[in-house]
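S.K.: Supplied structure: work07.cif, mmCIF, C-alpha atoms.
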data_query
#
loop_
_atom_site.label_atom_id
_atom_site.label_comp_id
_atom_site.auth_asym_id
_atom_site.auth_seq_id
_atom_site.Cartn_x
_atom_site.Cartn_y
_atom_site.Cartn_z
CA MET A 1 87.36 -77.83 -101.64
CA THR A 2 84.80 -76.37 -103.94
CA LYS A 3 82.17 -74.09 -102.65
CA THR A 4 78.62 -74.90 -103.51
CA ALA A 5 76.01 -72.23 -104.10
CA PRO A 6 73.61 -71.83 -101.26
CA ARG A 7 70.33 -73.50 -101.88
CA ARG A 8 67.26 -71.33 -102.27
CA PRO A 9 64.66 -71.97 -99.66
CA VAL A 10 61.71 -73.87 -101.04
CA ASP A 11 59.21 -71.45 -99.59
CA THR A 12 60.66 -68.56 -101.63
CA ILE A 13 60.09 -70.16 -105.10
CA PRO A 14 57.34 -68.17 -106.91
CA VAL A 15 54.29 -70.20 -107.83
CA ARG A 16 52.14 -69.02 -110.75
CA ALA A 17 48.54 -68.73 -109.77
CA VAL A 18 46.12 -70.79 -111.85
CA PRO A 19 42.91 -68.89 -112.49
CA ALA A 20 39.87 -70.61 -111.29
CA PRO A 21 37.40 -71.79 -113.94
CA PRO A 22 34.50 -69.45 -114.49
CA PRO A 23 31.31 -70.39 -112.79
CA ALA A 24 28.90 -72.60 -114.69
CA GLY A 25 26.47 -69.70 -114.99
CA ASP A 26 29.04 -67.52 -116.80
CA ARG A 27 29.86 -70.32 -119.25
CA ARG A 28 26.20 -70.81 -120.11
CA ARG A 29 25.77 -67.05 -120.51
CA ARG A 30 28.72 -66.81 -122.93
CA ARG A 31 27.48 -69.78 -124.94
CA LEU A 32 24.01 -68.30 -125.12
CA THR A 33 25.43 -64.92 -126.20
CA GLY A 34 27.44 -66.56 -128.99
CA GLN A 35 24.42 -68.51 -130.22
CA LEU A 36 22.24 -65.41 -130.19
CA ARG A 37 24.85 -63.48 -132.19
CA ALA A 38 25.11 -66.30 -134.77
CA HIS A 39 21.33 -66.56 -135.09
CA ALA A 40 21.08 -62.78 -135.48
CA PHE A 41 23.40 -62.87 -138.51
CA LEU A 42 21.49 -65.87 -139.89
CA PHE A 43 18.18 -64.09 -139.43
CA GLY A 44 19.49 -61.06 -141.33
CA GLY A 45 20.42 -63.20 -144.31
CA LEU A 46 17.12 -65.07 -144.24
CA ALA A 47 15.22 -61.78 -143.99
CA CYS A 48 16.96 -60.46 -147.12
CA PHE A 49 16.17 -63.67 -149.04
CA ALA A 50 12.56 -63.62 -147.85
CA LEU A 51 12.04 -59.97 -148.78
CA PHE A 52 13.83 -59.80 -152.12
CA SER A 53 13.58 -63.38 -153.41
CA TRP A 54 10.99 -65.61 -151.77
CA TYR A 55 8.21 -63.04 -151.36
CA PRO A 56 8.33 -61.86 -155.02
CA ALA A 57 8.30 -65.51 -156.18
CA VAL A 58 5.28 -66.40 -154.06
CA ARG A 59 3.57 -63.14 -155.00
CA ALA A 60 4.12 -63.86 -158.72
CA VAL A 61 2.45 -67.28 -158.36
CA VAL A 62 -0.56 -65.63 -156.70
CA ILE A 63 -0.83 -62.89 -159.36
CA ALA A 64 -0.72 -65.57 -162.08
CA PHE A 65 -4.26 -66.49 -161.05
CA GLN A 66 -5.48 -62.90 -160.79
CA LYS A 67 -6.39 -60.01 -163.05
CA TYR A 68 -3.94 -57.49 -161.72
CA THR A 69 -3.06 -53.99 -162.84
CA PRO A 70 -1.28 -51.39 -160.69
CA GLY A 71 -3.67 -49.07 -158.93
CA SER A 72 -6.65 -51.42 -158.94
CA SER A 73 -7.70 -54.23 -156.68
CA PRO A 74 -6.83 -57.71 -158.02
CA GLN A 75 -9.61 -60.05 -159.14
CA TRP A 76 -9.36 -63.82 -159.01
CA VAL A 77 -9.66 -65.29 -162.53
CA GLY A 78 -8.36 -68.81 -162.03
CA THR A 79 -6.47 -70.21 -165.02
CA ALA A 80 -7.69 -67.54 -167.48
CA ASN A 81 -4.23 -65.94 -167.63
CA PHE A 82 -2.61 -69.25 -168.53
CA SER A 83 -5.20 -69.90 -171.26
CA ARG A 84 -4.78 -66.42 -172.74
CA VAL A 85 -1.00 -66.65 -172.77
CA TRP A 86 -1.12 -70.17 -174.20
CA HIS A 87 -3.17 -69.03 -177.22
CA ASP A 88 -1.05 -65.93 -177.87
CA PRO A 89 0.81 -66.24 -181.22
CA GLU A 90 3.89 -64.70 -179.60
CA PHE A 91 3.89 -67.51 -177.04
CA THR A 92 4.78 -70.11 -179.67
CA ALA A 93 7.39 -67.84 -181.25
CA ALA A 94 8.98 -67.06 -177.88
CA TRP A 95 9.33 -70.72 -176.89
CA ARG A 96 10.60 -71.66 -180.33
CA ASN A 97 13.23 -68.93 -180.24
CA THR A 98 14.23 -69.80 -176.67
CA LEU A 99 14.64 -73.51 -177.41
CA THR A 100 16.51 -72.74 -180.64
CA PHE A 101 18.79 -70.34 -178.78
CA THR A 102 19.45 -73.00 -176.13
CA ALA A 103 20.25 -75.64 -178.76
CA LEU A 104 22.60 -73.32 -180.66
CA ALA A 105 24.25 -72.26 -177.41
CA LEU A 106 24.94 -75.91 -176.59
CA LEU A 107 26.41 -76.55 -180.04
CA ILE A 108 28.54 -73.40 -180.14
CA GLY A 109 28.95 -72.18 -176.59
CA PHE A 110 29.49 -75.61 -175.06
CA ALA A 111 32.21 -76.94 -177.37
CA ILE A 112 34.32 -73.78 -177.71
CA PRO A 113 35.07 -73.38 -173.95
CA PHE A 114 36.11 -77.04 -173.74
CA VAL A 115 38.48 -76.68 -176.69
CA LEU A 116 39.95 -73.45 -175.25
CA ALA A 117 40.48 -75.19 -171.91
CA LEU A 118 42.35 -78.00 -173.67
CA VAL A 119 44.57 -75.46 -175.45
CA LEU A 120 45.27 -73.49 -172.25
CA ASN A 121 46.06 -76.69 -170.40
CA GLU A 122 48.75 -77.55 -172.95
CA LEU A 123 50.44 -74.14 -172.85
CA ARG A 124 53.87 -73.91 -171.27
CA HIS A 125 54.31 -70.13 -171.31
CA ALA A 126 52.11 -67.10 -170.56
CA LYS A 127 49.39 -69.22 -168.97
CA ALA A 128 48.24 -66.46 -166.61
CA PHE A 129 48.05 -63.90 -169.43
CA PHE A 130 45.83 -66.04 -171.65
CA ARG A 131 43.59 -66.98 -168.72
CA VAL A 132 43.01 -63.28 -168.04
CA VAL A 133 42.30 -62.67 -171.74
CA VAL A 134 39.74 -65.48 -171.83
CA TYR A 135 38.06 -64.35 -168.60
CA LEU A 136 38.07 -60.63 -169.45
CA PRO A 137 34.65 -60.57 -171.22
CA VAL A 138 33.00 -61.89 -168.05
CA MET A 139 34.11 -58.77 -166.18
CA ILE A 140 32.42 -56.44 -168.70
CA PRO A 141 28.86 -55.48 -167.64
CA PRO A 142 26.32 -57.37 -169.80
CA VAL A 143 24.63 -54.21 -171.11
CA VAL A 144 27.98 -52.68 -172.11
CA SER A 145 28.96 -55.92 -173.84
CA ALA A 146 25.65 -56.00 -175.73
CA LEU A 147 26.04 -52.37 -176.84
CA LEU A 148 29.55 -53.10 -178.14
CA TRP A 149 28.27 -56.02 -180.18
CA LYS A 150 25.35 -53.95 -181.44
CA TRP A 151 27.84 -51.51 -182.95
CA PHE A 152 29.94 -54.44 -184.19
CA TYR A 153 26.92 -55.90 -186.04
CA ASP A 154 25.82 -52.60 -187.58
CA PRO A 155 25.11 -53.34 -191.29
CA GLY A 156 26.56 -50.03 -192.43
CA ALA A 157 29.68 -49.04 -190.54
CA GLY A 158 29.95 -52.06 -188.24
CA LEU A 159 33.32 -53.72 -187.77
CA ALA A 160 31.98 -57.14 -188.85
CA ASN A 161 30.96 -56.01 -192.33
CA GLU A 162 34.04 -53.80 -192.66
CA ALA A 163 36.19 -56.87 -192.06
CA LEU A 164 34.24 -58.82 -194.68
CA ARG A 165 34.60 -55.99 -197.21
CA SER A 166 38.34 -55.82 -196.63
CA VAL A 167 38.71 -59.42 -197.82
CA HIS A 168 36.10 -59.01 -200.61
CA LEU A 169 33.49 -61.26 -199.00
CA PRO A 170 29.71 -60.63 -199.02
CA THR A 171 28.37 -58.72 -196.06
CA SER A 172 25.51 -59.77 -193.79
CA ASN A 173 22.63 -58.13 -191.97
CA TRP A 174 23.71 -59.90 -188.77
CA SER A 175 21.34 -58.90 -185.96
CA ASN A 176 19.07 -57.01 -188.38
CA GLY A 177 18.23 -60.06 -190.50
CA ALA A 178 15.45 -62.46 -189.53
CA ASP A 179 17.56 -65.46 -190.54
CA THR A 180 20.78 -64.38 -188.86
CA ALA A 181 19.62 -62.45 -185.79
CA LEU A 182 19.33 -65.40 -183.41
CA ILE A 183 22.69 -66.94 -184.27
CA SER A 184 24.23 -63.48 -183.89
CA LEU A 185 22.90 -63.30 -180.33
CA VAL A 186 24.25 -66.78 -179.59
CA ILE A 187 27.72 -65.59 -180.59
CA VAL A 188 27.39 -62.60 -178.25
CA ALA A 189 26.26 -64.75 -175.33
CA THR A 190 29.03 -67.29 -175.94
CA TRP A 191 31.73 -64.62 -176.05
CA ALA A 192 30.42 -62.86 -172.94
CA ASN A 193 29.96 -65.91 -170.71
CA MET A 194 32.49 -68.54 -171.70
CA GLY A 195 35.32 -67.26 -169.47
CA GLY A 196 34.00 -68.83 -166.28
CA THR A 197 33.24 -72.11 -168.07
CA VAL A 198 36.79 -72.25 -169.46
CA LEU A 199 38.30 -71.85 -166.00
CA ILE A 200 36.07 -74.59 -164.56
CA TYR A 201 37.08 -76.93 -167.38
CA LEU A 202 40.72 -76.00 -166.87
CA ALA A 203 40.51 -76.85 -163.17
CA ALA A 204 38.94 -80.21 -164.04
CA LEU A 205 41.65 -80.96 -166.62
CA GLN A 206 44.44 -80.18 -164.17
CA SER A 207 42.98 -82.64 -161.66
CA ILE A 208 43.41 -85.57 -164.08
CA PRO A 209 46.40 -87.75 -163.05
CA GLY A 210 49.28 -87.43 -165.48
CA GLU A 211 49.90 -91.19 -165.32
CA LEU A 212 46.77 -91.77 -167.39
CA TYR A 213 48.12 -89.67 -170.26
CA GLU A 214 51.52 -91.34 -170.01
CA ALA A 215 49.92 -94.79 -170.20
CA ALA A 216 47.85 -93.69 -173.21
CA GLU A 217 50.97 -92.37 -174.97
CA LEU A 218 52.79 -95.64 -174.33
CA ASP A 219 49.87 -97.46 -175.95
CA GLY A 220 50.29 -95.26 -179.02
CA ALA A 221 47.24 -93.06 -178.51
CA GLY A 222 47.20 -89.79 -180.41
CA LEU A 223 45.87 -86.44 -179.24
CA LEU A 224 42.26 -87.06 -180.25
CA GLN A 225 42.35 -90.58 -178.79
CA ARG A 226 43.69 -89.25 -175.48
CA VAL A 227 40.92 -86.66 -175.38
CA ARG A 228 38.29 -89.30 -176.18
CA HIS A 229 39.48 -92.08 -173.87
CA VAL A 230 41.08 -90.11 -171.01
CA THR A 231 39.99 -86.46 -170.89
CA ILE A 232 36.27 -86.81 -171.56
CA PRO A 233 35.70 -89.83 -169.24
CA GLN A 234 37.61 -88.12 -166.42
CA THR A 235 35.64 -84.87 -166.78
CA ARG A 236 32.22 -86.26 -167.74
CA PHE A 237 30.63 -85.20 -164.44
CA VAL A 238 31.83 -81.59 -164.84
CA ILE A 239 30.68 -81.60 -168.48
CA LEU A 240 27.22 -82.83 -167.51
CA MET A 241 26.87 -80.30 -164.68
CA LEU A 242 27.90 -77.38 -166.87
CA MET A 243 25.57 -78.54 -169.62
CA LEU A 244 22.59 -78.49 -167.24
CA LEU A 245 23.60 -75.10 -165.84
CA GLN A 246 23.99 -73.71 -169.36
CA ILE A 247 20.53 -74.95 -170.33
CA ILE A 248 19.05 -73.22 -167.27
CA ALA A 249 20.95 -70.01 -168.02
CA THR A 250 20.31 -69.81 -171.77
CA MET A 251 16.57 -70.38 -171.34
CA GLN A 252 16.54 -67.13 -169.33
CA VAL A 253 18.28 -65.03 -171.99
CA PHE A 254 17.05 -61.43 -171.96
CA THR A 255 19.82 -58.84 -172.14
CA GLU A 256 20.98 -59.58 -175.70
CA PRO A 257 17.49 -59.56 -177.32
CA PHE A 258 16.47 -56.51 -175.31
CA VAL A 259 19.54 -54.37 -176.02
CA ILE A 260 20.66 -55.51 -179.47
CA THR A 261 17.52 -56.44 -181.41
CA GLY A 262 14.52 -55.38 -179.30
CA GLY A 263 12.91 -58.75 -180.02
CA GLY A 264 13.04 -58.26 -183.80
CA PRO A 265 13.21 -58.43 -186.64
CA GLU A 266 9.79 -60.06 -187.17
CA ASN A 267 9.85 -61.46 -183.61
CA ALA A 268 12.85 -63.59 -184.59
CA THR A 269 14.56 -62.95 -181.25
CA VAL A 270 11.59 -62.71 -178.87
CA THR A 271 12.45 -65.07 -176.02
CA VAL A 272 10.29 -66.19 -173.11
CA LEU A 273 11.87 -63.73 -170.70
CA TYR A 274 11.54 -60.90 -173.22
CA LEU A 275 7.87 -61.80 -173.72
CA ILE A 276 7.39 -61.66 -169.94
CA TYR A 277 8.85 -58.15 -170.05
CA LYS A 278 6.45 -57.17 -172.85
CA TYR A 279 3.42 -58.49 -170.98
CA ALA A 280 4.34 -56.63 -167.79
CA PHE A 281 5.72 -53.30 -169.01
CA LEU A 282 4.33 -52.87 -172.53
CA TYR A 283 0.93 -54.55 -172.31
CA ASN A 284 0.45 -53.72 -168.59
CA ASP A 285 -0.74 -57.30 -168.10
CA PHE A 286 0.95 -58.47 -164.92
CA GLY A 287 -1.32 -61.52 -164.66
CA GLY A 288 -0.18 -62.80 -168.04
CA ALA A 289 3.46 -62.01 -167.24
CA CYS A 290 3.27 -63.97 -163.99
CA ALA A 291 1.48 -66.87 -165.69
CA LEU A 292 4.25 -67.13 -168.26
CA SER A 293 6.82 -66.83 -165.45
CA VAL A 294 5.22 -69.77 -163.64
CA MET A 295 5.43 -71.88 -166.81
CA LEU A 296 9.11 -71.08 -167.17
CA LEU A 297 9.64 -71.74 -163.46
CA LEU A 298 8.16 -75.24 -163.73
CA LEU A 299 10.37 -76.12 -166.69
CA LEU A 300 13.55 -74.79 -165.07
CA SER A 301 12.66 -76.53 -161.81
CA ALA A 302 12.72 -79.85 -163.65
CA PHE A 303 16.25 -79.17 -164.91
CA SER A 304 17.28 -77.98 -161.45
CA ALA A 305 15.93 -81.18 -159.89
CA VAL A 306 18.03 -83.24 -162.32
CA TYR A 307 21.08 -81.12 -161.47
CA LEU A 308 20.60 -81.56 -157.72
CA ARG A 309 20.02 -85.31 -158.13
CA LEU A 310 23.22 -85.76 -160.10
CA THR A 311 25.18 -83.60 -157.64
CA ARG A 312 23.91 -85.65 -154.70
CA SER A 313 24.78 -88.91 -156.48
CA ALA A 314 28.31 -87.65 -157.16
CA GLU A 315 28.77 -86.67 -153.50
CA GLU A 316 27.61 -90.10 -152.39
CA ASP A 317 30.01 -91.82 -154.81
CA HIS A 318 32.94 -89.75 -153.55
CA GLY A 319 31.84 -90.16 -149.93
#
Can you give me the file's structure in the form of structure tokens?
M.R.:
Amino acid sequence: MTKTAPRRPVDTIPVRAVPAPPPAGDRRRRRLTGQLRAHAFLFGGLACFALFSWYPAVRAVVIAFQKYTPGSSPQWVGTANFSRVWHDPEFTAAWRNTLTFTALALLIGFAIPFVLALVLNELRHAKAFFRVVVYLPVMIPPVVSALLWKWFYDPGAGLANEALRSVHLPTSNWSNGADTALISLVIVATWANMGGTVLIYLAALQSIPGELYEAAELDGAGLLQRVRHVTIPQTRFVILMLMLLQIIATMQVFTEPFVITGGGPENATVTVLYLIYKYAFLYNDFGGACALSVMLLLLLSAFSAVYLRLTRSAEEDHG
């Protein structure tokens, strides 16, 4: 006969105690505490935006209709600031230079990043290295980048003219010539800012299904035909968004004219933002500076509205 183990009495089996749910009052208190903490963080962020962004913008709109100089009480002048700025000869030059800079930036600084993204997308080795090289100029502070290019463009001992002399080519005045100054600044801005654009294009290219390229190759499409019929249609939304963002950014160019050329020569590189700086800090005319700022704000708001409309339409199509 086999001996069976004695059974354990049922009343000796340990039972784990289940904690009782907290009272309804404690749950409401915890929920209220969490909501108050979240709203406190939200209020801090809103307070920073209101103090450093929204208040200066609203204040600038008010000053645009006032005669305002530091240390004196403002006087309401209506639209006199807008009329004075409108008839300023530098006003026409500033808008012409800004629009020309924007157009050149689209021709040069919009095509080069796309081509670089296509090249990086086709690489099989050292992809990470070349991505870092392309993005490196973005990490350089804008003022430092502008000072480097100012030395590079120096007509005497600058590296640009030294390179031209070494191959027996005629030198140029670069940023010191009225005909070449603006295009020189476009090159600086393109070099300094294209890294982020290249990475965005590269991400868009890598999201294109490979089956589309395979089908195009089977149909006998060459490289340019694949770019035209596959790459561009698949990335047209990203291209359009970046084009609008680039227009908004290039119309606010300031660092390059301020550091490299000082608005010269012969006002060839005076942009709208640089003219705003001159009104405020050289002419001590804050009313005129704010009036010109409001004009620029209205124009950029139109481009921003188009950007938001297209973004919302794309979200609805994907949704």
S.K.: Which centre and edge lengths in Å to one decimal define the box along x, y and z that fits every listed atom of range 236-244 of chain A plus 5 Å per side, as AutoDock Vina command-line options?
M.R.:
--center_x 27.4 --center_y -81.8 --center_z -167.0 --size_x 19.6 --size_y 18.9 --size_z 15.2
S.K.: Using all atoms listed in the file for the distances, tell me which of A:Ile183, A:Val58, A:Met194, A:Leu296 is nearest to Asn97 in chain A.
M.R.: A:Ile183
S.K.: Using the chain letters and numbering of this document, enumerate as a PyMOL selection string the residues selected by the PyMOL selection byres ((chain A and resi 304) around 12).
M.R.: chain A and resi 241-249+297-303+305-311
S.K.: Would you kindly translate the PyMOL selection byres ((chain A and resi 291) around 8) into the concrete residues it picks from this file, as number ranges by chain?
M.R.: A: 61, 63-65, 81-82, 85, 287-290, 292-295
S.K.: Any idea what the distance is between CA of Tyr277 in chain A and CA of Thr255 in chain A?
M.R.: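 CA of Tyr277 in chain A sits 11.2 Å away from CA of Thr255 in chain A.
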S.K.: Using all atoms listed in the file, can you tell me which of A:Ala189, A:Gly210, A:Ile112, A:Tyr68 comes closest to Val230 in chain A?
M.R.: A:Gly210
S.K.: To verify the selection step, state as a tab-separated table (two decimals) with C-alpha atoms, in the coordinates of the input which residues the PyMOL selection byres ((chain A and resi 176) around 9) yields on this input.
M.R.:
chain	number	residue	atom	x	y	z
A	153	TYR	CA	26.92	-55.90	-186.04
A	154	ASP	CA	25.82	-52.60	-187.58
A	155	PRO	CA	25.11	-53.34	-191.29
A	172	SER	CA	25.51	-59.77	-193.79
A	173	ASN	CA	22.63	-58.13	-191.97
A	174	TRP	CA	23.71	-59.90	-188.77
A	175	SER	CA	21.34	-58.90	-185.96
A	177	GLY	CA	18.23	-60.06	-190.50
A	178	ALA	CA	15.45	-62.46	-189.53
A	179	ASP	CA	17.56	-65.46	-190.54
A	180	THR	CA	20.78	-64.38	-188.86
A	181	ALA	CA	19.62	-62.45	-185.79
A	261	THR	CA	17.52	-56.44	-181.41
A	264	GLY	CA	13.04	-58.26	-183.80
A	265	PRO	CA	13.21	-58.43	-186.64
S.K.: If you measure from CA of Val138 in chain A to CA of Pro113 in chain A, what distance in Å do you get, rounded to one decimal?
M.R.: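 It comes out at 13.1 Å.
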S.K.: Provide the CA of Thr250 in chain A to CA of Ile108 in chain A distance in Å, to one decimal place.
M.R.: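 Going from CA of Thr250 in chain A over to CA of Ile108 in chain A covers 12.3 Å.
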S.K.: Could you pull out every residue with an atom within 9 Å of (3.0, -67.7, -176.7), file coordinates, counting only C-alpha atoms, and send them as a VMD selection string?
M.R.: chain A and resid 84 to 95 272 275 292
S.K.: Given only C-alpha atoms as the basis, pick out the residue of A:Lys150, A:Gly78, A:Asn193, A:Ala111 nearest to Tyr135 in chain A.
M.R.: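 Ranking A:Lys150, A:Gly78, A:Asn193, A:Ala111 by distance to Tyr135 in chain A, first place goes to A:Asn193.
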S.K.: Might you pull out every residue within 12 Å of Val133 in chain A, with all atoms listed in the file counted and same-chain residues fewer than 4 positions away left off, and present them as a ChimeraX atom specification?
M.R.: /A:116,120,126-129,137-139,191-192,194-196,198-199
